[in-house]
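Engineer: See final-v9.cif below, with mmCIF, C-alpha atoms.
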data_data
#
loop_
_atom_site.label_atom_id
_atom_site.label_comp_id
_atom_site.auth_asym_id
_atom_site.auth_seq_id
_atom_site.Cartn_x
_atom_site.Cartn_y
_atom_site.Cartn_z
CA MET A 106 -16.53 -2.62 1.34
CA PRO A 107 -13.45 -2.58 3.57
CA TYR A 108 -10.08 -3.51 2.15
CA VAL A 109 -7.71 -5.51 4.35
CA ASN A 110 -4.10 -6.15 3.33
CA ILE A 111 -2.09 -8.70 5.33
CA LYS A 112 1.67 -8.78 4.72
CA ILE A 113 3.60 -11.78 6.04
CA THR A 114 6.97 -13.31 5.26
CA ARG A 115 7.07 -16.10 2.67
CA GLU A 116 8.55 -19.05 4.59
CA GLY A 117 6.91 -21.86 2.66
CA ASN A 118 4.66 -22.85 5.49
CA VAL A 119 1.33 -21.12 5.02
CA THR A 120 -1.28 -23.52 3.67
CA PRO A 121 -4.34 -22.63 1.54
CA GLU A 122 -6.46 -23.54 4.55
CA GLN A 123 -4.61 -21.04 6.75
CA LYS A 124 -5.01 -18.36 4.08
CA GLN A 125 -8.73 -19.14 3.96
CA ALA A 126 -8.81 -18.80 7.77
CA LEU A 127 -7.10 -15.39 7.53
CA ILE A 128 -9.57 -14.26 4.86
CA GLU A 129 -12.54 -15.47 6.87
CA GLY A 130 -11.21 -14.07 10.14
CA ALA A 131 -10.48 -10.62 8.74
CA THR A 132 -13.87 -10.48 7.02
CA ASN A 133 -15.69 -11.53 10.19
CA LEU A 134 -13.67 -8.99 12.23
CA LEU A 135 -14.86 -6.06 10.08
CA HIS A 136 -18.41 -7.39 10.23
CA ASP A 137 -18.43 -8.01 13.96
CA VAL A 138 -16.75 -4.75 15.00
CA LEU A 139 -18.12 -2.33 12.40
CA GLY A 140 -21.09 -4.18 10.91
CA LYS A 141 -19.48 -4.15 7.49
CA ASN A 142 -21.03 -6.17 4.67
CA LYS A 143 -19.06 -9.40 4.29
CA LYS A 144 -19.97 -9.65 0.62
CA THR A 145 -17.98 -6.57 -0.35
CA THR A 146 -15.04 -6.99 2.05
CA VAL A 147 -11.78 -7.57 0.16
CA VAL A 148 -8.81 -9.29 1.82
CA VAL A 149 -5.42 -9.50 0.09
CA ILE A 150 -2.49 -11.46 1.54
CA ASP A 151 1.00 -10.48 0.40
CA GLU A 152 3.83 -12.97 1.04
CA VAL A 153 7.27 -11.36 1.09
CA ASP A 154 10.65 -13.12 0.73
CA THR A 155 12.68 -13.08 3.96
CA ASP A 156 15.51 -11.24 2.15
CA ASN A 157 12.99 -8.48 1.46
CA TRP A 158 11.67 -8.01 5.01
CA GLY A 159 13.69 -6.32 7.71
CA ILE A 160 13.09 -5.52 11.35
CA GLY A 161 15.58 -3.78 13.64
CA GLY A 162 17.74 -3.13 10.57
CA ILE A 163 18.28 -6.82 9.84
CA SER A 164 16.67 -8.99 7.17
CA VAL A 165 14.50 -11.89 8.38
CA THR A 166 16.81 -14.23 6.47
CA GLU A 167 19.65 -13.08 8.71
CA ILE A 168 17.50 -13.18 11.84
CA ARG A 169 16.49 -16.79 11.12
CA LYS A 170 20.18 -17.72 10.58
CA ARG A 171 21.17 -16.20 13.93
CA ASN A 172 18.33 -17.97 15.70
CA ASN A 173 19.30 -21.41 14.34
CA MET B 197 3.76 12.65 -10.41
CA PRO B 198 0.74 10.53 -9.39
CA TYR B 199 1.20 6.96 -8.27
CA VAL B 200 -1.39 4.40 -9.35
CA ASN B 201 -1.39 0.87 -7.93
CA ILE B 202 -3.63 -1.72 -9.60
CA LYS B 203 -4.13 -5.01 -7.76
CA ILE B 204 -5.65 -7.91 -9.69
CA THR B 205 -5.74 -11.65 -9.20
CA ARG B 206 -3.03 -13.69 -10.94
CA GLU B 207 -5.00 -16.07 -13.18
CA GLY B 208 -2.41 -16.56 -15.90
CA ASN B 209 -4.36 -14.64 -18.46
CA VAL B 210 -3.12 -11.06 -18.45
CA THR B 211 -0.85 -10.41 -21.43
CA PRO B 212 1.98 -7.84 -21.63
CA GLU B 213 -0.18 -5.94 -24.11
CA GLN B 214 -3.05 -5.76 -21.63
CA LYS B 215 -0.65 -4.55 -18.92
CA GLN B 216 0.60 -1.89 -21.32
CA ALA B 217 -3.03 -0.88 -21.94
CA LEU B 218 -3.64 -0.60 -18.18
CA ILE B 219 -0.48 1.53 -17.78
CA GLU B 220 -1.42 3.76 -20.68
CA GLY B 221 -5.06 4.04 -19.64
CA ALA B 222 -4.27 4.93 -16.02
CA THR B 223 -1.67 7.49 -17.11
CA ASN B 224 -4.06 9.09 -19.59
CA LEU B 225 -6.82 9.13 -16.96
CA LEU B 226 -4.72 11.22 -14.53
CA HIS B 227 -3.70 13.51 -17.38
CA ASP B 228 -7.20 13.95 -18.78
CA VAL B 229 -8.98 14.44 -15.44
CA LEU B 230 -6.37 16.33 -13.44
CA GLY B 231 -3.90 17.54 -16.09
CA LYS B 232 -1.11 15.54 -14.50
CA ASN B 233 2.23 15.22 -16.31
CA LYS B 234 2.32 11.83 -18.03
CA LYS B 235 6.11 11.72 -17.82
CA THR B 236 6.16 11.47 -14.04
CA THR B 237 3.07 9.28 -13.55
CA VAL B 238 3.97 5.89 -12.07
CA VAL B 239 1.70 2.86 -12.51
CA VAL B 240 2.39 -0.41 -10.68
CA ILE B 241 0.36 -3.57 -11.27
CA ASP B 242 0.34 -6.20 -8.51
CA GLU B 243 -0.84 -9.72 -9.43
CA VAL B 244 -2.03 -11.73 -6.45
CA ASP B 245 -2.51 -15.52 -6.25
CA THR B 246 -6.15 -16.55 -6.00
CA ASP B 247 -5.44 -18.31 -2.69
CA ASN B 248 -4.31 -14.92 -1.38
CA TRP B 249 -7.36 -12.87 -2.42
CA GLY B 250 -10.67 -13.15 -0.64
CA ILE B 251 -14.05 -11.51 -1.08
CA GLY B 252 -17.10 -12.21 1.04
CA GLY B 253 -14.88 -14.28 3.34
CA ILE B 254 -13.96 -16.80 0.62
CA SER B 255 -10.76 -17.10 -1.38
CA VAL B 256 -11.00 -16.56 -5.14
CA THR B 257 -9.61 -20.09 -5.59
CA GLU B 258 -12.69 -21.42 -3.78
CA ILE B 259 -15.04 -19.05 -5.61
CA ARG B 260 -13.70 -20.22 -8.97
CA LYS B 261 -14.17 -23.89 -7.91
CA ARG B 262 -17.78 -23.25 -6.91
CA ASN B 263 -18.48 -21.44 -10.20
CA ASN B 264 -17.10 -24.28 -12.34
CA MET C 230 -12.85 -7.39 -7.93
CA PRO C 231 -9.75 -5.33 -8.77
CA TYR C 232 -8.44 -2.80 -6.29
CA VAL C 233 -7.07 0.47 -7.66
CA ASN C 234 -5.25 2.96 -5.42
CA ILE C 235 -4.54 6.43 -6.82
CA LYS C 236 -2.14 8.62 -4.84
CA ILE C 237 -1.99 12.32 -5.68
CA THR C 238 -0.78 15.41 -3.87
CA ARG C 239 -3.35 17.37 -1.83
CA GLU C 240 -3.25 20.81 -3.40
CA GLY C 241 -6.81 21.90 -2.62
CA ASN C 242 -7.91 21.76 -6.21
CA VAL C 243 -9.45 18.35 -6.84
CA THR C 244 -13.25 18.58 -6.92
CA PRO C 245 -15.72 15.80 -6.03
CA GLU C 246 -16.63 15.68 -9.72
CA GLN C 247 -13.01 15.06 -10.70
CA LYS C 248 -12.75 12.32 -8.05
CA GLN C 249 -15.91 10.74 -9.47
CA ALA C 250 -14.30 10.92 -12.94
CA LEU C 251 -11.18 9.17 -11.62
CA ILE C 252 -13.31 6.45 -9.98
CA GLU C 253 -15.38 5.96 -13.12
CA GLY C 254 -12.35 6.06 -15.42
CA ALA C 255 -10.35 3.53 -13.39
CA THR C 256 -13.36 1.20 -13.11
CA ASN C 257 -14.04 1.40 -16.84
CA LEU C 258 -10.35 0.82 -17.60
CA LEU C 259 -10.30 -2.50 -15.70
CA HIS C 260 -13.57 -3.49 -17.36
CA ASP C 261 -12.52 -2.53 -20.90
CA VAL C 262 -9.01 -4.02 -20.76
CA LEU C 263 -9.56 -7.11 -18.60
CA GLY C 264 -13.35 -7.53 -18.61
CA LYS C 265 -13.49 -7.08 -14.87
CA ASN C 266 -16.87 -6.74 -13.14
CA LYS C 267 -17.48 -3.05 -12.46
CA LYS C 268 -19.68 -3.85 -9.48
CA THR C 269 -16.83 -5.28 -7.43
CA THR C 270 -14.06 -2.92 -8.56
CA VAL C 271 -12.79 -0.80 -5.65
CA VAL C 272 -11.03 2.53 -6.27
CA VAL C 273 -9.40 4.45 -3.41
CA ILE C 274 -7.89 7.91 -3.86
CA ASP C 275 -5.26 9.03 -1.36
CA GLU C 276 -4.44 12.76 -1.19
CA VAL C 277 -1.02 13.48 0.31
CA ASP C 278 0.23 16.81 1.70
CA THR C 279 2.94 18.39 -0.46
CA ASP C 280 5.35 18.34 2.52
CA ASN C 281 4.89 14.57 2.54
CA TRP C 282 5.58 13.89 -1.15
CA GLY C 283 9.05 14.07 -2.63
CA ILE C 284 10.50 13.54 -6.09
CA GLY C 285 14.15 13.93 -6.99
CA GLY C 286 14.91 14.26 -3.27
CA ILE C 287 12.85 17.43 -2.88
CA SER C 288 9.41 17.87 -1.33
CA VAL C 289 6.63 19.07 -3.65
CA THR C 290 6.18 22.07 -1.33
CA GLU C 291 9.74 23.09 -2.15
CA ILE C 292 9.35 22.32 -5.84
CA ARG C 293 6.24 24.52 -6.02
CA LYS C 294 8.12 27.37 -4.25
CA ARG C 295 10.98 27.17 -6.73
CA ASN C 296 8.58 27.16 -9.67
CA ASN C 297 6.72 30.29 -8.50
CA MET D 70 7.59 1.39 14.93
CA PRO D 71 7.70 3.00 11.47
CA TYR D 72 6.85 0.98 8.41
CA VAL D 73 8.87 1.58 5.24
CA ASN D 74 7.86 0.04 1.92
CA ILE D 75 10.35 0.21 -0.96
CA LYS D 76 9.05 -0.71 -4.42
CA ILE D 77 11.62 -1.33 -7.16
CA THR D 78 11.54 -3.11 -10.50
CA ARG D 79 12.63 -6.77 -10.54
CA GLU D 80 15.54 -6.81 -12.97
CA GLY D 81 17.44 -9.75 -11.52
CA ASN D 82 20.28 -7.64 -10.25
CA VAL D 83 19.56 -6.82 -6.61
CA THR D 84 21.67 -8.96 -4.29
CA PRO D 85 20.79 -10.01 -0.71
CA GLU D 86 23.60 -7.72 0.45
CA GLN D 87 22.03 -4.75 -1.33
CA LYS D 88 18.64 -5.58 0.19
CA GLN D 89 20.30 -5.71 3.61
CA ALA D 90 21.86 -2.29 2.88
CA LEU D 91 18.41 -0.90 1.97
CA ILE D 92 16.92 -2.34 5.18
CA GLU D 93 19.74 -0.97 7.31
CA GLY D 94 19.76 2.41 5.55
CA ALA D 95 16.01 2.93 5.86
CA THR D 96 16.05 1.88 9.52
CA ASN D 97 18.95 4.21 10.31
CA LEU D 98 17.23 7.04 8.43
CA LEU D 99 14.11 6.85 10.64
CA HIS D 100 16.31 6.64 13.72
CA ASP D 101 18.61 9.50 12.75
CA VAL D 102 15.90 11.90 11.56
CA LEU D 103 13.05 11.10 13.95
CA GLY D 104 14.75 9.15 16.77
CA LYS D 105 12.61 6.11 16.00
CA ASN D 106 13.42 2.82 17.74
CA LYS D 107 15.35 0.63 15.31
CA LYS D 108 14.07 -2.53 16.98
CA THR D 109 10.47 -1.95 15.90
CA THR D 110 11.12 -0.42 12.47
CA VAL D 111 9.77 -2.65 9.69
CA VAL D 112 11.12 -2.41 6.13
CA VAL D 113 9.50 -4.33 3.27
CA ILE D 114 10.96 -4.41 -0.25
CA ASP D 115 8.61 -5.20 -3.13
CA GLU D 116 10.17 -6.21 -6.46
CA VAL D 117 7.85 -5.68 -9.44
CA ASP D 118 8.18 -7.22 -12.91
CA THR D 119 9.09 -4.66 -15.58
CA ASP D 120 5.89 -5.52 -17.50
CA ASN D 121 4.00 -4.43 -14.39
CA TRP D 122 5.67 -1.05 -13.86
CA GLY D 123 4.96 1.93 -16.09
CA ILE D 124 6.21 5.51 -16.19
CA GLY D 125 5.14 8.08 -18.75
CA GLY D 126 2.51 5.60 -19.96
CA ILE D 127 5.07 3.02 -21.03
CA SER D 128 6.06 -0.21 -19.32
CA VAL D 129 9.68 -0.46 -18.09
CA THR D 130 10.05 -3.55 -20.31
CA GLU D 131 9.34 -1.33 -23.32
CA ILE D 132 11.54 1.49 -22.01
CA ARG D 133 14.47 -0.89 -21.59
CA LYS D 134 13.94 -2.19 -25.17
CA ARG D 135 14.00 1.32 -26.59
CA ASN D 136 17.14 2.21 -24.62
CA ASN D 137 19.06 -0.86 -25.89
CA MET E 145 6.09 -9.28 12.61
CA PRO E 146 3.10 -9.26 10.25
CA TYR E 147 1.77 -5.96 8.94
CA VAL E 148 -2.00 -5.57 8.59
CA ASN E 149 -3.51 -2.55 6.83
CA ILE E 150 -7.27 -2.00 7.16
CA LYS E 151 -8.85 0.59 4.85
CA ILE E 152 -12.38 1.77 5.65
CA THR E 153 -14.43 4.79 4.70
CA ARG E 154 -14.36 7.78 7.06
CA GLU E 155 -18.00 8.23 8.03
CA GLY E 156 -17.50 9.79 11.46
CA ASN E 157 -18.75 6.78 13.30
CA VAL E 158 -15.76 4.62 14.25
CA THR E 159 -14.91 5.05 17.93
CA PRO E 160 -11.44 4.60 19.52
CA GLU E 161 -12.82 1.50 21.21
CA GLN E 162 -13.83 0.01 17.86
CA LYS E 163 -10.37 0.79 16.45
CA GLN E 164 -8.82 -0.92 19.48
CA ALA E 165 -11.09 -3.94 18.78
CA LEU E 166 -9.91 -4.03 15.15
CA ILE E 167 -6.25 -3.83 16.27
CA GLU E 168 -6.73 -6.55 18.87
CA GLY E 169 -8.78 -8.74 16.53
CA ALA E 170 -6.31 -8.54 13.65
CA THR E 171 -3.35 -9.21 15.99
CA ASN E 172 -5.09 -12.22 17.54
CA LEU E 173 -6.03 -13.52 14.08
CA LEU E 174 -2.38 -13.64 12.93
CA HIS E 175 -1.41 -15.25 16.23
CA ASP E 176 -4.20 -17.84 16.22
CA VAL E 177 -3.90 -18.84 12.55
CA LEU E 178 -0.15 -18.56 11.98
CA GLY E 179 1.30 -18.43 15.49
CA LYS E 180 2.74 -14.99 14.86
CA ASN E 181 4.25 -13.02 17.75
CA LYS E 182 1.69 -10.47 18.92
CA LYS E 183 4.40 -8.13 20.18
CA THR E 184 5.74 -7.41 16.70
CA THR E 185 2.44 -7.42 14.79
CA VAL E 186 1.68 -3.97 13.33
CA VAL E 187 -1.89 -2.94 12.45
CA VAL E 188 -2.61 0.33 10.63
CA ILE E 189 -6.14 1.60 9.97
CA ASP E 190 -6.64 4.06 7.11
CA GLU E 191 -9.88 6.06 7.03
CA VAL E 192 -10.78 7.37 3.58
CA ASP E 193 -13.24 10.15 2.73
CA THR E 194 -16.37 8.88 0.97
CA ASP E 195 -15.61 11.15 -2.02
CA ASN E 196 -12.32 9.26 -2.34
CA TRP E 197 -13.70 5.70 -2.28
CA GLY E 198 -15.56 4.20 -5.22
CA ILE E 199 -17.20 0.86 -5.90
CA GLY E 200 -18.99 -0.08 -9.10
CA GLY E 201 -17.71 3.19 -10.62
CA ILE E 202 -19.57 5.37 -8.12
CA SER E 203 -18.21 7.23 -5.10
CA VAL E 204 -19.52 6.16 -1.68
CA THR E 205 -20.76 9.73 -1.19
CA GLU E 206 -23.03 9.24 -4.20
CA ILE E 207 -24.03 5.74 -3.12
CA ARG E 208 -25.05 7.03 0.32
CA LYS E 209 -27.11 9.82 -1.32
CA ARG E 210 -28.95 7.34 -3.53
CA ASN E 211 -29.66 5.06 -0.57
CA ASN E 212 -31.19 7.87 1.54
CA MET F 197 11.94 5.28 -10.57
CA PRO F 198 11.67 3.60 -7.14
CA TYR F 199 8.69 4.33 -4.93
CA VAL F 200 9.28 4.60 -1.19
CA ASN F 201 6.38 4.82 1.27
CA ILE F 202 7.17 5.75 4.88
CA LYS F 203 4.37 5.29 7.43
CA ILE F 204 4.77 6.93 10.84
CA THR F 205 2.42 7.88 13.62
CA ARG F 206 1.02 11.44 13.60
CA GLU F 207 2.16 12.83 16.92
CA GLY F 208 2.36 16.51 15.97
CA ASN F 209 6.11 16.64 16.15
CA VAL F 210 7.46 16.03 12.66
CA THR F 211 8.62 19.28 11.07
CA PRO F 212 8.74 20.08 7.32
CA GLU F 213 12.53 20.04 7.62
CA GLN F 214 12.47 16.49 9.05
CA LYS F 215 10.14 15.39 6.25
CA GLN F 216 12.57 16.92 3.74
CA ALA F 217 15.38 14.99 5.45
CA LEU F 218 13.39 11.73 5.14
CA ILE F 219 12.71 12.43 1.46
CA GLU F 220 16.33 13.27 0.77
CA GLY F 221 17.66 10.35 2.82
CA ALA F 222 15.40 7.77 1.17
CA THR F 223 16.21 9.12 -2.30
CA ASN F 224 19.96 9.05 -1.62
CA LEU F 225 19.67 5.52 -0.17
CA LEU F 226 18.17 4.14 -3.41
CA HIS F 227 20.80 6.01 -5.41
CA ASP F 228 23.75 4.94 -3.28
CA VAL F 229 22.75 1.27 -2.91
CA LEU F 230 21.16 0.56 -6.30
CA GLY F 231 22.30 3.48 -8.46
CA LYS F 232 18.72 4.56 -9.01
CA ASN F 233 18.04 7.90 -10.71
CA LYS F 234 17.20 10.47 -8.04
CA LYS F 235 15.09 12.47 -10.44
CA THR F 236 12.45 9.77 -10.77
CA THR F 237 12.48 8.47 -7.19
CA VAL F 238 9.15 9.10 -5.45
CA VAL F 239 8.89 9.23 -1.65
CA VAL F 240 5.52 9.44 0.10
CA ILE F 241 5.17 9.90 3.87
CA ASP F 242 1.92 8.79 5.48
CA GLU F 243 1.15 10.08 9.00
CA VAL F 244 -1.32 7.91 10.91
CA ASP F 245 -3.31 8.87 14.01
CA THR F 246 -2.19 7.01 17.14
CA ASP F 247 -5.73 5.57 17.54
CA ASN F 248 -5.25 4.01 14.12
CA TRP F 249 -1.87 2.35 14.72
CA GLY F 250 -1.49 -0.75 16.86
CA ILE F 251 1.45 -2.90 17.91
CA GLY F 252 1.22 -5.91 20.17
CA GLY F 253 -2.57 -5.63 19.94
CA ILE F 254 -2.66 -2.19 21.59
CA SER F 255 -3.17 1.20 19.96
CA VAL F 256 -0.28 3.66 20.20
CA THR F 257 -2.66 6.06 21.98
CA GLU F 258 -3.01 3.46 24.74
CA ILE F 259 0.70 2.66 24.75
CA ARG F 260 1.56 6.34 25.18
CA LYS F 261 -0.95 6.61 28.10
CA ARG F 262 0.60 3.62 29.85
CA ASN F 263 4.11 5.02 29.37
CA ASN F 264 3.23 8.41 30.89
#
Starting from the coordinates I provided, produce the structure as structure tokens.
Structural biologist:
Amino acid sequence: MPYVNIKITREGNVTPEQKQALIEGATNLLHDVLGKNKKTTVVVIDEVDTDNWGIGGISVTEIRKRNN
Amino acid sequence: MPYVNIKITREGNVTPEQKQALIEGATNLLHDVLGKNKKTTVVVIDEVDTDNWGIGGISVTEIRKRNN
Amino acid sequence: MPYVNIKITREGNVTPEQKQALIEGATNLLHDVLGKNKKTTVVVIDEVDTDNWGIGGISVTEIRKRNN
Amino acid sequence: MPYVNIKITREGNVTPEQKQALIEGATNLLHDVLGKNKKTTVVVIDEVDTDNWGIGGISVTEIRKRNN
Amino acid sequence: MPYVNIKITREGNVTPEQKQALIEGATNLLHDVLGKNKKTTVVVIDEVDTDNWGIGGISVTEIRKRNN
Amino acid sequence: MPYVNIKITREGNVTPEQKQALIEGATNLLHDVLGKNKKTTVVVIDEVDTDNWGIGGISVTEIRKRNN
């Protein structure tokens, strides 16, 4: 019954299929490495606005601006 | 001053009254079991899209489809 | 399949029975209010050292000292 | 590489500049107090609807109503 | 710069090598599915006492007892 | 009533005074930037073993070994 939380920035480009791949991959990872029961493994993906995510003291919104 | 975080799927059916009942119930639970001060108990409810929540390696969106 | 996280200070006084009561209470709350399936409701209790928990800008260790 | 998560209520009044100030302030705080490397410090701000945040057993939506 | 948090029960049987495999696996997953930069992907593993983890309203400590 | 969670690695070198400084600093930050009430601001510091924290696909334990 592991619980996996994946936080990523919300940049309008993650498809339902990719989310399904993250869910499947994380569930398989816990099964393969620790033998955990896939049926009770919970995976939650949080998507965060780029204004709300900072690294190195700068918001991702600002980082993206500087990179473009 | 406990902090309670409740994560549920966002399926468009949780009313403000139900959220109030969750807040009240969780606050009372910490008070009744551990004698915690209701005034400083914080309850936060996170609603997560069904694409973003997986169990058994499958997203809830997909689970709901299969069940219908 | 709700996920409930309860964070409380670690003050050496929460018994296994009280933790079981918190787990049961939180699970029943999600069932009673939202009709959630008890079997897939996950409850995780985090106990945090009083040095590591602050309210009003003061650690709980310090608050406890001032109250004694 | 610290990770700082700031949860606040979503009341439509937090500007991108204020979010940037929170990101910068939290990053500087970890650097100034613990000498952490700013470049790998992650700050994530979660904004929560007032229906979904309770204190003292009452939702912030209700608290705001009573205060107005 | 994704952030992945893996919560598992603390049952004295997860080796440093298995933790490294979880870290590597989760990092590769975000890279393979979303093209995320491995260098800034953070993975944090939380181990929780079995008294502190409940599913179906019962602590894992109790579940383990019943299964033995 | 903001909630701030600071996650850092447990490397045996963070003193109670530094934790108090983190608590105070985070509380003041929310007050100064958003005018939040210090009295209801909660700060929780989580310390994570270096085996349990990975960046770039490598545990901090391993990173520290390579750097020494």
Engineer: Hey, list the chain A side of the contact with chain D: 8 Å cut-off, all atoms listed in the file, answer as a PyMOL selection string.
Structural biologist: chain A and resi 153+156-164
Engineer: Can you provide chain A as an mmCIF file with C-alpha atoms, in the coordinates of the input, superposed onto chain D by least squares across all C-alpha atoms matched in order?
Structural biologist:
data_model
loop_
_atom_site.group_PDB
_atom_site.id
_atom_site.type_symbol
_atom_site.label_atom_id
_atom_site.label_comp_id
_atom_site.auth_asym_id
_atom_site.auth_seq_id
_atom_site.Cartn_x
_atom_site.Cartn_y
_atom_site.Cartn_z
ATOM 1 C CA MET A 106 7.576 1.395 14.922
ATOM 2 C CA PRO A 107 7.715 3.008 11.481
ATOM 3 C CA TYR A 108 6.842 0.990 8.414
ATOM 4 C CA VAL A 109 8.867 1.587 5.252
ATOM 5 C CA ASN A 110 7.874 0.036 1.922
ATOM 6 C CA ILE A 111 10.366 0.214 -0.960
ATOM 7 C CA LYS A 112 9.059 -0.713 -4.416
ATOM 8 C CA ILE A 113 11.624 -1.339 -7.154
ATOM 9 C CA THR A 114 11.554 -3.125 -10.488
ATOM 10 C CA ARG A 115 12.614 -6.782 -10.538
ATOM 11 C CA GLU A 116 15.552 -6.828 -12.976
ATOM 12 C CA GLY A 117 17.444 -9.766 -11.525
ATOM 13 C CA ASN A 118 20.260 -7.657 -10.231
ATOM 14 C CA VAL A 119 19.558 -6.832 -6.608
ATOM 15 C CA THR A 120 21.664 -8.969 -4.286
ATOM 16 C CA PRO A 121 20.794 -10.016 -0.702
ATOM 17 C CA GLU A 122 23.592 -7.726 0.442
ATOM 18 C CA GLN A 123 22.025 -4.741 -1.333
ATOM 19 C CA LYS A 124 18.644 -5.577 0.196
ATOM 20 C CA GLN A 125 20.307 -5.720 3.612
ATOM 21 C CA ALA A 126 21.858 -2.301 2.876
ATOM 22 C CA LEU A 127 18.417 -0.902 1.979
ATOM 23 C CA ILE A 128 16.920 -2.341 5.172
ATOM 24 C CA GLU A 129 19.737 -0.972 7.297
ATOM 25 C CA GLY A 130 19.744 2.401 5.553
ATOM 26 C CA ALA A 131 16.000 2.933 5.864
ATOM 27 C CA THR A 132 16.043 1.876 9.519
ATOM 28 C CA ASN A 133 18.947 4.201 10.312
ATOM 29 C CA LEU A 134 17.223 7.054 8.420
ATOM 30 C CA LEU A 135 14.108 6.866 10.631
ATOM 31 C CA HIS A 136 16.308 6.650 13.714
ATOM 32 C CA ASP A 137 18.602 9.497 12.749
ATOM 33 C CA VAL A 138 15.901 11.908 11.555
ATOM 34 C CA LEU A 139 13.049 11.091 13.940
ATOM 35 C CA GLY A 140 14.735 9.156 16.747
ATOM 36 C CA LYS A 141 12.621 6.110 16.009
ATOM 37 C CA ASN A 142 13.407 2.819 17.736
ATOM 38 C CA LYS A 143 15.344 0.627 15.307
ATOM 39 C CA LYS A 144 14.070 -2.530 16.972
ATOM 40 C CA THR A 145 10.475 -1.949 15.910
ATOM 41 C CA THR A 146 11.117 -0.417 12.472
ATOM 42 C CA VAL A 147 9.762 -2.642 9.689
ATOM 43 C CA VAL A 148 11.125 -2.416 6.135
ATOM 44 C CA VAL A 149 9.500 -4.325 3.264
ATOM 45 C CA ILE A 150 10.974 -4.398 -0.251
ATOM 46 C CA ASP A 151 8.612 -5.198 -3.118
ATOM 47 C CA GLU A 152 10.171 -6.224 -6.455
ATOM 48 C CA VAL A 153 7.865 -5.682 -9.424
ATOM 49 C CA ASP A 154 8.183 -7.232 -12.909
ATOM 50 C CA THR A 155 9.099 -4.668 -15.581
ATOM 51 C CA ASP A 156 5.894 -5.526 -17.494
ATOM 52 C CA ASN A 157 3.998 -4.432 -14.387
ATOM 53 C CA TRP A 158 5.674 -1.045 -13.856
ATOM 54 C CA GLY A 159 4.970 1.927 -16.069
ATOM 55 C CA ILE A 160 6.208 5.492 -16.179
ATOM 56 C CA GLY A 161 5.132 8.096 -18.735
ATOM 57 C CA GLY A 162 2.510 5.616 -19.955
ATOM 58 C CA ILE A 163 5.075 3.027 -21.032
ATOM 59 C CA SER A 164 6.075 -0.209 -19.312
ATOM 60 C CA VAL A 165 9.686 -0.475 -18.099
ATOM 61 C CA THR A 166 10.058 -3.537 -20.323
ATOM 62 C CA GLU A 167 9.348 -1.316 -23.317
ATOM 63 C CA ILE A 168 11.538 1.500 -22.012
ATOM 64 C CA ARG A 169 14.488 -0.887 -21.599
ATOM 65 C CA LYS A 170 13.941 -2.189 -25.174
ATOM 66 C CA ARG A 171 13.984 1.347 -26.589
ATOM 67 C CA ASN A 172 17.115 2.209 -24.643
ATOM 68 C CA ASN A 173 19.049 -0.827 -25.935
#
Engineer: Do you have the atom CA of Ile292 of chain C-atom CA of Lys232 of chain F distance handy?
Structural biologist: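 The value is 20.3 Å.
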Engineer: What does the distance from atom CA of Gly241 of chain C to atom CA of Val289 of chain C come to in Å, to one decimal?
Structural biologist: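 We find that atom CA of Gly241 of chain C and atom CA of Val289 of chain C lie 13.8 Å from each other.
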Engineer: Quick one: distance from atom CA of Glu80 of chain D to atom CA of Val210 of chain B in Å, one decimal?
Structural biologist: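 Spanning atom CA of Glu80 of chain D to atom CA of Val210 of chain B is a straight-line distance of 19.9 Å.
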